[in-house]
Each structure stands twice: as C-alpha cells, then as structure tokens.
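Colleague: structure-v1.txt (compact mmCIF, N, CA and C atoms) pasted underneath:
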```
# COMPACT_ATOMS: atom_id res chain seq x y z
N MET A 1 66.99 97.96 69.54
CA MET A 1 65.58 97.95 69.88
C MET A 1 65.04 96.53 69.79
N LYS A 2 64.18 96.16 70.72
CA LYS A 2 63.59 94.84 70.75
C LYS A 2 62.50 94.73 69.69
N ASN A 3 62.19 93.49 69.34
CA ASN A 3 61.09 93.22 68.41
C ASN A 3 59.77 93.50 69.13
N ALA A 4 58.82 94.11 68.45
CA ALA A 4 57.53 94.46 69.06
C ALA A 4 56.77 93.22 69.51
N ARG A 5 56.90 92.14 68.77
CA ARG A 5 56.19 90.90 69.14
C ARG A 5 56.80 90.24 70.37
N ASP A 6 58.04 90.54 70.69
CA ASP A 6 58.67 90.01 71.90
C ASP A 6 58.24 90.79 73.14
N ILE A 7 57.90 92.04 72.97
CA ILE A 7 57.49 92.89 74.10
C ILE A 7 56.05 92.58 74.51
N ILE A 8 55.14 92.49 73.56
CA ILE A 8 53.74 92.18 73.84
C ILE A 8 53.58 90.67 73.80
N VAL A 9 53.35 90.05 74.96
CA VAL A 9 53.26 88.59 75.03
C VAL A 9 51.90 88.12 74.58
N ARG A 10 50.83 88.63 75.20
CA ARG A 10 49.46 88.23 74.84
C ARG A 10 48.47 89.18 75.47
N PRO A 11 47.25 89.25 74.94
CA PRO A 11 46.22 90.06 75.61
C PRO A 11 45.71 89.32 76.84
N LEU A 12 45.29 90.06 77.82
CA LEU A 12 44.74 89.49 79.05
C LEU A 12 43.23 89.68 79.01
N ILE A 13 42.49 88.58 78.91
CA ILE A 13 41.04 88.63 78.75
C ILE A 13 40.37 88.10 80.01
N SER A 14 39.55 88.94 80.64
CA SER A 14 38.75 88.56 81.79
C SER A 14 37.49 89.42 81.78
N GLU A 15 36.62 89.23 82.74
CA GLU A 15 35.40 90.03 82.80
C GLU A 15 35.74 91.51 83.02
N LYS A 16 36.69 91.76 83.90
CA LYS A 16 37.05 93.14 84.20
C LYS A 16 37.71 93.82 82.99
N THR A 17 38.61 93.13 82.32
CA THR A 17 39.29 93.74 81.18
C THR A 17 38.34 93.91 80.00
N THR A 18 37.36 93.03 79.86
CA THR A 18 36.37 93.18 78.81
C THR A 18 35.50 94.42 79.05
N ALA A 19 35.19 94.70 80.30
CA ALA A 19 34.42 95.90 80.62
C ALA A 19 35.25 97.16 80.37
N LEU A 20 36.56 97.08 80.57
CA LEU A 20 37.42 98.24 80.33
C LEU A 20 37.56 98.57 78.84
N MET A 21 37.30 97.60 77.98
CA MET A 21 37.43 97.82 76.54
C MET A 21 36.45 98.88 76.04
N GLU A 22 35.33 99.05 76.71
CA GLU A 22 34.36 100.07 76.32
C GLU A 22 34.92 101.48 76.53
N GLU A 23 35.87 101.62 77.47
CA GLU A 23 36.50 102.90 77.75
C GLU A 23 37.81 103.07 76.97
N LYS A 24 38.02 102.23 75.96
CA LYS A 24 39.25 102.21 75.16
C LYS A 24 40.48 101.92 76.00
N LYS A 25 40.33 101.01 76.97
CA LYS A 25 41.45 100.54 77.78
C LYS A 25 41.62 99.05 77.51
N TYR A 26 42.84 98.65 77.17
CA TYR A 26 43.14 97.27 76.83
C TYR A 26 44.27 96.77 77.72
N THR A 27 44.20 95.49 78.10
CA THR A 27 45.16 94.92 79.03
C THR A 27 45.97 93.84 78.33
N PHE A 28 47.29 93.89 78.52
CA PHE A 28 48.20 92.93 77.91
C PHE A 28 49.20 92.42 78.93
N VAL A 29 49.63 91.17 78.75
CA VAL A 29 50.78 90.65 79.48
C VAL A 29 51.99 91.01 78.63
N VAL A 30 52.98 91.66 79.25
CA VAL A 30 54.14 92.16 78.51
C VAL A 30 55.41 91.58 79.11
N ASP A 31 56.51 91.76 78.39
CA ASP A 31 57.82 91.33 78.86
C ASP A 31 58.17 92.09 80.14
N ARG A 32 58.71 91.38 81.13
CA ARG A 32 58.99 91.99 82.43
C ARG A 32 60.05 93.08 82.36
N ARG A 33 60.93 93.02 81.39
CA ARG A 33 62.01 94.00 81.28
C ARG A 33 61.62 95.22 80.45
N ALA A 34 60.45 95.21 79.83
CA ALA A 34 60.04 96.32 78.95
C ALA A 34 59.57 97.51 79.79
N ASN A 35 59.92 98.72 79.32
CA ASN A 35 59.43 99.92 79.99
C ASN A 35 58.22 100.47 79.24
N LYS A 36 57.63 101.54 79.77
CA LYS A 36 56.39 102.08 79.21
C LYS A 36 56.58 102.60 77.79
N ILE A 37 57.71 103.19 77.50
CA ILE A 37 57.95 103.73 76.16
C ILE A 37 58.05 102.60 75.15
N GLU A 38 58.74 101.52 75.50
CA GLU A 38 58.85 100.37 74.60
C GLU A 38 57.49 99.71 74.37
N ILE A 39 56.68 99.63 75.42
CA ILE A 39 55.34 99.05 75.30
C ILE A 39 54.47 99.91 74.38
N LYS A 40 54.53 101.21 74.56
CA LYS A 40 53.76 102.13 73.71
C LYS A 40 54.16 102.00 72.25
N ASN A 41 55.45 102.01 71.96
CA ASN A 41 55.93 101.91 70.58
C ASN A 41 55.55 100.56 69.96
N ALA A 42 55.62 99.49 70.74
CA ALA A 42 55.28 98.17 70.23
C ALA A 42 53.80 98.08 69.87
N LEU A 43 52.93 98.62 70.71
CA LEU A 43 51.49 98.59 70.42
C LEU A 43 51.14 99.44 69.21
N GLU A 44 51.76 100.60 69.09
CA GLU A 44 51.48 101.45 67.94
C GLU A 44 51.96 100.79 66.65
N GLU A 45 53.04 100.02 66.73
CA GLU A 45 53.55 99.33 65.54
C GLU A 45 52.68 98.13 65.17
N ILE A 46 52.27 97.34 66.14
CA ILE A 46 51.51 96.12 65.86
C ILE A 46 50.07 96.42 65.44
N PHE A 47 49.36 97.25 66.21
CA PHE A 47 47.94 97.46 66.00
C PHE A 47 47.61 98.75 65.24
N ASP A 48 48.58 99.59 64.95
CA ASP A 48 48.38 100.84 64.23
C ASP A 48 47.33 101.73 64.93
N VAL A 49 47.58 102.00 66.22
CA VAL A 49 46.69 102.83 67.03
C VAL A 49 47.52 103.94 67.67
N LYS A 50 46.83 104.90 68.29
CA LYS A 50 47.50 105.98 69.02
C LYS A 50 47.29 105.74 70.52
N VAL A 51 48.39 105.61 71.25
CA VAL A 51 48.33 105.31 72.68
C VAL A 51 48.40 106.62 73.47
N LYS A 52 47.46 106.78 74.40
CA LYS A 52 47.42 107.97 75.25
C LYS A 52 48.24 107.75 76.53
N ALA A 53 48.07 106.59 77.17
CA ALA A 53 48.76 106.32 78.44
C ALA A 53 49.04 104.82 78.58
N VAL A 54 50.09 104.51 79.35
CA VAL A 54 50.45 103.13 79.65
C VAL A 54 50.64 103.02 81.16
N ASN A 55 49.89 102.14 81.79
CA ASN A 55 50.04 101.86 83.22
C ASN A 55 50.52 100.42 83.36
N THR A 56 51.54 100.19 84.19
CA THR A 56 52.09 98.85 84.34
C THR A 56 52.03 98.40 85.78
N ALA A 57 52.03 97.08 85.98
CA ALA A 57 52.06 96.48 87.31
C ALA A 57 52.85 95.19 87.24
N ASN A 58 53.75 95.00 88.20
CA ASN A 58 54.53 93.77 88.30
C ASN A 58 53.86 92.83 89.29
N TYR A 59 53.79 91.54 88.96
CA TYR A 59 53.17 90.55 89.81
C TYR A 59 54.19 89.49 90.21
N ARG A 60 54.21 89.15 91.49
CA ARG A 60 55.08 88.07 91.96
C ARG A 60 54.42 86.74 91.62
N GLY A 61 55.24 85.70 91.49
CA GLY A 61 54.69 84.37 91.25
C GLY A 61 54.07 83.81 92.52
N LYS A 62 52.93 83.17 92.39
CA LYS A 62 52.27 82.59 93.55
C LYS A 62 52.97 81.31 93.98
N LYS A 63 52.94 81.03 95.27
CA LYS A 63 53.54 79.82 95.81
C LYS A 63 52.59 78.65 95.57
N LYS A 64 53.09 77.57 95.00
CA LYS A 64 52.25 76.41 94.69
C LYS A 64 52.88 75.15 95.23
N ARG A 65 52.05 74.17 95.56
CA ARG A 65 52.52 72.86 96.00
C ARG A 65 52.00 71.80 95.07
N LEU A 66 52.73 70.71 94.99
CA LEU A 66 52.30 69.58 94.20
C LEU A 66 52.33 68.36 95.10
N GLY A 67 51.18 68.01 95.68
CA GLY A 67 51.12 66.88 96.60
C GLY A 67 51.91 67.16 97.86
N ARG A 68 52.77 66.22 98.24
CA ARG A 68 53.56 66.38 99.47
C ARG A 68 54.92 67.02 99.20
N PHE A 69 55.22 67.30 97.95
CA PHE A 69 56.53 67.82 97.60
C PHE A 69 56.66 69.28 98.01
N PRO A 70 57.88 69.75 98.15
CA PRO A 70 58.08 71.16 98.55
C PRO A 70 57.44 72.13 97.55
N ALA A 71 57.14 73.27 98.07
CA ALA A 71 56.44 74.27 97.26
C ALA A 71 57.38 74.86 96.22
N GLY A 72 56.78 75.25 95.11
CA GLY A 72 57.49 75.96 94.05
C GLY A 72 56.76 77.26 93.79
N PHE A 73 57.18 77.97 92.79
CA PHE A 73 56.56 79.25 92.48
C PHE A 73 56.15 79.30 91.02
N GLN A 74 55.01 79.95 90.75
CA GLN A 74 54.64 80.26 89.38
C GLN A 74 55.54 81.40 88.91
N PRO A 75 55.69 81.59 87.61
CA PRO A 75 56.58 82.66 87.14
C PRO A 75 56.03 84.06 87.43
N ARG A 76 56.96 85.01 87.60
CA ARG A 76 56.57 86.42 87.75
C ARG A 76 56.16 86.95 86.38
N TRP A 77 55.29 87.99 86.37
CA TRP A 77 54.84 88.55 85.11
C TRP A 77 54.49 90.02 85.28
N LYS A 78 54.32 90.69 84.16
CA LYS A 78 54.04 92.13 84.15
C LYS A 78 52.80 92.38 83.31
N LYS A 79 51.92 93.23 83.84
CA LYS A 79 50.67 93.59 83.16
C LYS A 79 50.74 95.05 82.76
N ALA A 80 50.21 95.36 81.56
CA ALA A 80 50.14 96.74 81.10
C ALA A 80 48.71 97.05 80.68
N VAL A 81 48.18 98.15 81.21
CA VAL A 81 46.86 98.64 80.82
C VAL A 81 47.08 99.83 79.91
N ILE A 82 46.59 99.72 78.67
CA ILE A 82 46.81 100.72 77.64
C ILE A 82 45.54 101.54 77.45
N THR A 83 45.67 102.85 77.47
CA THR A 83 44.55 103.74 77.18
C THR A 83 44.80 104.36 75.81
N LEU A 84 43.81 104.25 74.92
CA LEU A 84 43.93 104.82 73.58
C LEU A 84 43.36 106.23 73.55
N THR A 85 43.80 107.02 72.58
CA THR A 85 43.25 108.37 72.41
C THR A 85 41.83 108.29 71.88
N ASP A 86 41.10 109.39 71.97
CA ASP A 86 39.70 109.41 71.54
C ASP A 86 39.56 109.22 70.03
N ASP A 87 40.52 109.73 69.25
CA ASP A 87 40.42 109.62 67.80
C ASP A 87 41.05 108.34 67.25
N SER A 88 41.53 107.47 68.11
CA SER A 88 42.16 106.22 67.67
C SER A 88 41.10 105.16 67.41
N LYS A 89 41.41 104.26 66.48
CA LYS A 89 40.48 103.15 66.21
C LYS A 89 40.63 102.09 67.30
N PRO A 90 39.59 101.32 67.60
CA PRO A 90 39.70 100.29 68.65
C PRO A 90 40.54 99.10 68.17
N ILE A 91 41.09 98.37 69.13
CA ILE A 91 41.86 97.16 68.83
C ILE A 91 40.89 96.00 68.72
N GLU A 92 40.96 95.27 67.63
CA GLU A 92 40.07 94.12 67.42
C GLU A 92 40.75 92.85 67.95
N LEU A 93 40.37 92.45 69.18
CA LEU A 93 40.94 91.24 69.76
C LEU A 93 40.20 89.99 69.32
N PHE A 94 38.91 90.12 69.03
CA PHE A 94 38.10 88.98 68.59
C PHE A 94 37.74 89.17 67.13
N GLU A 95 38.68 88.91 66.22
CA GLU A 95 38.46 89.14 64.80
C GLU A 95 37.65 88.04 64.14
N GLY A 96 37.57 86.87 64.77
CA GLY A 96 36.91 85.74 64.16
C GLY A 96 35.40 85.74 64.27
N ARG A 97 34.81 86.75 64.86
CA ARG A 97 33.36 86.79 65.02
C ARG A 97 32.65 87.05 63.75
```
Have the structure of the file written as structure tokens, please.

Modeller:
Amino acid sequence: MKNARDIIVRPLISEKTTALMEEKKYTFVVDRRANKIEIKNALEEIFDVKVKAVNTANYRGKKKRLGRFPAGFQPRWKKAVITLTDDSKPIELFEGR
C-alpha cells in the first residue's frame, strides 16, 4: 500500500472549489496512478473524515512555448473531487485564520 501523503499531492484552491466547500465537496490534486479507493482511504487517514464519494478527472498537459524555441508540455495531472458524508466533520484547509 502506498503512503497516504504520496497519494494526496495538494488541495486545489480556486473560486469554484471554495464555493463547493459549502456543500462538503473538496478538491485535491492527486497522484495520477491512484484509484478512487486509494484516494478515499488516504483522505480518511489524513483528515479523519468519512468520504461519501470520489470523482476523478485526468488532465493533459498544456502545450507551451518559450520564445522561438520548440513547444514543450506542462505535466499531466489528476484531480479528485471528494464528497463527505453529512455526519462528517469539515476539512480545515485554512487553519491559520
């Protein structure tokens, strides 16, 4: 089994994901090779919450250029949207407030 901290890379914070937090939905960038069961177990271990559902999406790297040089690509990544159960406590992403 993989380490839980290796599966969950970082939280994804934007205006849309902040609005989803009110519905107990949290968005994370996860390891591309991780499946939904591994993501669920990792989140329950790290944050001590109950996960209701895990939705994932794979993203291709965008094509980028640097001046006149040939184009390269940004890295591919995977996003997971986690829905918590109604009786679960919320995840505190901004603890320093």

Colleague: Could you go through chain A and tell me which residues DSSP, when run on the backbone, assigns to strand (DSSP E), listing them as a ChimeraX atom specification?

Modeller: /A:8-11,25-30,51-59,63-64,72-73,77-84

Colleague: A:Pro75, A:Ser14, A:Lys40, A:Lys50: which is nearest A:Lys62, counting only C-alpha atoms?

Modeller: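 Comparing A:Pro75, A:Ser14, A:Lys40, A:Lys50 against A:Lys62, the winner is A:Pro75.
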
Colleague: Name all residues at most 6.5 Å from stretch 29-36 of chain A (count all atoms listed in the file; drop same-chain ones fewer than 5 positions away) and give them as JSON, numbers by chain.

Modeller: {"A": [6, 7, 8, 9, 10, 11, 12, 41, 54, 77, 78, 79, 80]}

Colleague: May I have the selected residues written with N, CA and C atoms, as a CSV table (one decimal), in the coordinates of the input?

Modeller:
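Saved the output as out20.csv:
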```csv
chain,number,residue,atom,x,y,z
A,6,ASP,N,58.0,90.5,70.7
A,6,ASP,CA,58.7,90.0,71.9
A,6,ASP,C,58.2,90.8,73.1
A,7,ILE,N,57.9,92.0,73.0
A,7,ILE,CA,57.5,92.9,74.1
A,7,ILE,C,56.0,92.6,74.5
A,8,ILE,N,55.1,92.5,73.6
A,8,ILE,CA,53.7,92.2,73.8
A,8,ILE,C,53.6,90.7,73.8
A,9,VAL,N,53.4,90.0,75.0
A,9,VAL,CA,53.3,88.6,75.0
A,9,VAL,C,51.9,88.1,74.6
A,10,ARG,N,50.8,88.6,75.2
A,10,ARG,CA,49.5,88.2,74.8
A,10,ARG,C,48.5,89.2,75.5
A,11,PRO,N,47.2,89.2,74.9
A,11,PRO,CA,46.2,90.1,75.6
A,11,PRO,C,45.7,89.3,76.8
A,12,LEU,N,45.3,90.1,77.8
A,12,LEU,CA,44.7,89.5,79.0
A,12,LEU,C,43.2,89.7,79.0
A,41,ASN,N,55.4,102.0,72.0
A,41,ASN,CA,55.9,101.9,70.6
A,41,ASN,C,55.6,100.6,70.0
A,54,VAL,N,50.1,104.5,79.4
A,54,VAL,CA,50.4,103.1,79.6
A,54,VAL,C,50.6,103.0,81.2
A,77,TRP,N,55.3,88.0,86.4
A,77,TRP,CA,54.8,88.6,85.1
A,77,TRP,C,54.5,90.0,85.3
A,78,LYS,N,54.3,90.7,84.2
A,78,LYS,CA,54.0,92.1,84.2
A,78,LYS,C,52.8,92.4,83.3
A,79,LYS,N,51.9,93.2,83.8
A,79,LYS,CA,50.7,93.6,83.2
A,79,LYS,C,50.7,95.0,82.8
A,80,ALA,N,50.2,95.4,81.6
A,80,ALA,CA,50.1,96.7,81.1
A,80,ALA,C,48.7,97.0,80.7
```

Colleague: What is the atom N of A:Arg5 to atom CA of A:Phe28 distance in Å?

Modeller: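 These atoms are spaced 12.6 Å apart.
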
Colleague: Could you please determine the separation between atom N of A:Glu45 and atom N of A:Thr27 in Å, to one decimal place?

Modeller: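 Separating atom N of A:Glu45 from atom N of A:Thr27 is a distance of 15.1 Å.
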
Colleague: Please list as a list in words every residue within 5 Å of A:Lys64, counting only N, CA and C atoms and excluding residues in the same chain fewer than 5 positions away.

Modeller: Ala71, Gly72 and Phe73 of chain A

Colleague: Please determine an axis-aligned box that encloses all atoms of stretch 66-76 of chain A listed in the file, with 5 Å added on each side, and express its centre and edge lengths in Å to one decimal as AutoDock Vina command-line options.

Modeller:
```
--center_x 54.6 --center_y 76.6 --center_z 92.9 --size_x 17.0 --size_y 30.7 --size_z 23.1
```

Colleague: Please indicate the distance in Å from atom C of A:Ile39 to atom C of A:Gln74, rounded to one decimal place.

Modeller: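 Going from atom C of A:Ile39 over to atom C of A:Gln74 covers 23.6 Å.
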
Colleague: Give the answer as one residue: which of A:Arg76, A:Lys63, A:Ile37, A:Asp48 has the shortest atom-to-atom distance to A:Pro90, using only C-alpha atoms?

Modeller: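 Once distances to A:Pro90 are computed over only C-alpha atoms, the minimum belongs to A:Asp48.
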
Colleague: Taking only C-alpha atoms, show stretch 9-56 of chain A of the given structure as a compact mmCIF listing (two decimals), in the first residue's frame.

Modeller:
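Contents of the output file part-v3.txt:
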```
# COMPACT_ATOMS: atom_id res chain seq x y z
CA VAL A 9 -0.43 15.91 -3.52
CA ARG A 10 -2.12 19.18 -2.50
CA PRO A 11 -5.53 20.84 -2.20
CA LEU A 12 -6.76 22.73 -5.24
CA ILE A 13 -7.98 26.19 -4.22
CA SER A 14 -9.94 28.41 -6.62
CA GLU A 15 -13.18 30.38 -6.57
CA LYS A 16 -15.16 27.40 -7.82
CA THR A 17 -13.65 24.93 -5.35
CA THR A 18 -14.15 27.37 -2.48
CA ALA A 19 -17.85 27.58 -3.34
CA LEU A 20 -18.05 23.77 -3.40
CA MET A 21 -16.72 23.60 0.17
CA GLU A 22 -20.11 24.78 1.45
CA GLU A 23 -21.61 21.56 0.02
CA LYS A 24 -18.90 19.46 1.76
CA LYS A 25 -17.07 18.91 -1.53
CA TYR A 26 -13.29 19.32 -1.52
CA THR A 27 -10.89 19.26 -4.47
CA PHE A 28 -7.37 17.82 -4.42
CA VAL A 29 -4.57 17.20 -6.88
CA VAL A 30 -3.73 13.51 -6.51
CA ASP A 31 -1.18 11.03 -7.83
CA ARG A 32 -2.02 10.08 -11.43
CA ARG A 33 -1.72 6.35 -10.72
CA ALA A 34 -4.03 6.37 -7.66
CA ASN A 35 -7.51 4.90 -7.96
CA LYS A 36 -10.68 6.05 -6.16
CA ILE A 37 -10.36 3.51 -3.34
CA GLU A 38 -6.78 4.55 -2.57
CA ILE A 39 -7.78 8.24 -2.63
CA LYS A 40 -10.69 7.59 -0.26
CA ASN A 41 -8.54 5.62 2.21
CA ALA A 42 -5.78 8.27 2.11
CA LEU A 43 -8.20 11.12 2.88
CA GLU A 44 -9.85 9.22 5.71
CA GLU A 45 -6.42 8.51 7.19
CA ILE A 46 -5.02 12.05 6.86
CA PHE A 47 -8.05 14.19 7.78
CA ASP A 48 -10.06 11.70 9.90
CA VAL A 49 -13.29 12.22 7.91
CA LYS A 50 -15.91 9.96 6.31
CA VAL A 51 -15.88 10.05 2.49
CA LYS A 52 -19.17 9.52 0.65
CA ALA A 53 -17.96 9.72 -2.97
CA VAL A 54 -14.81 10.31 -5.03
CA ASN A 55 -14.95 11.74 -8.56
CA THR A 56 -11.72 11.93 -10.58
```
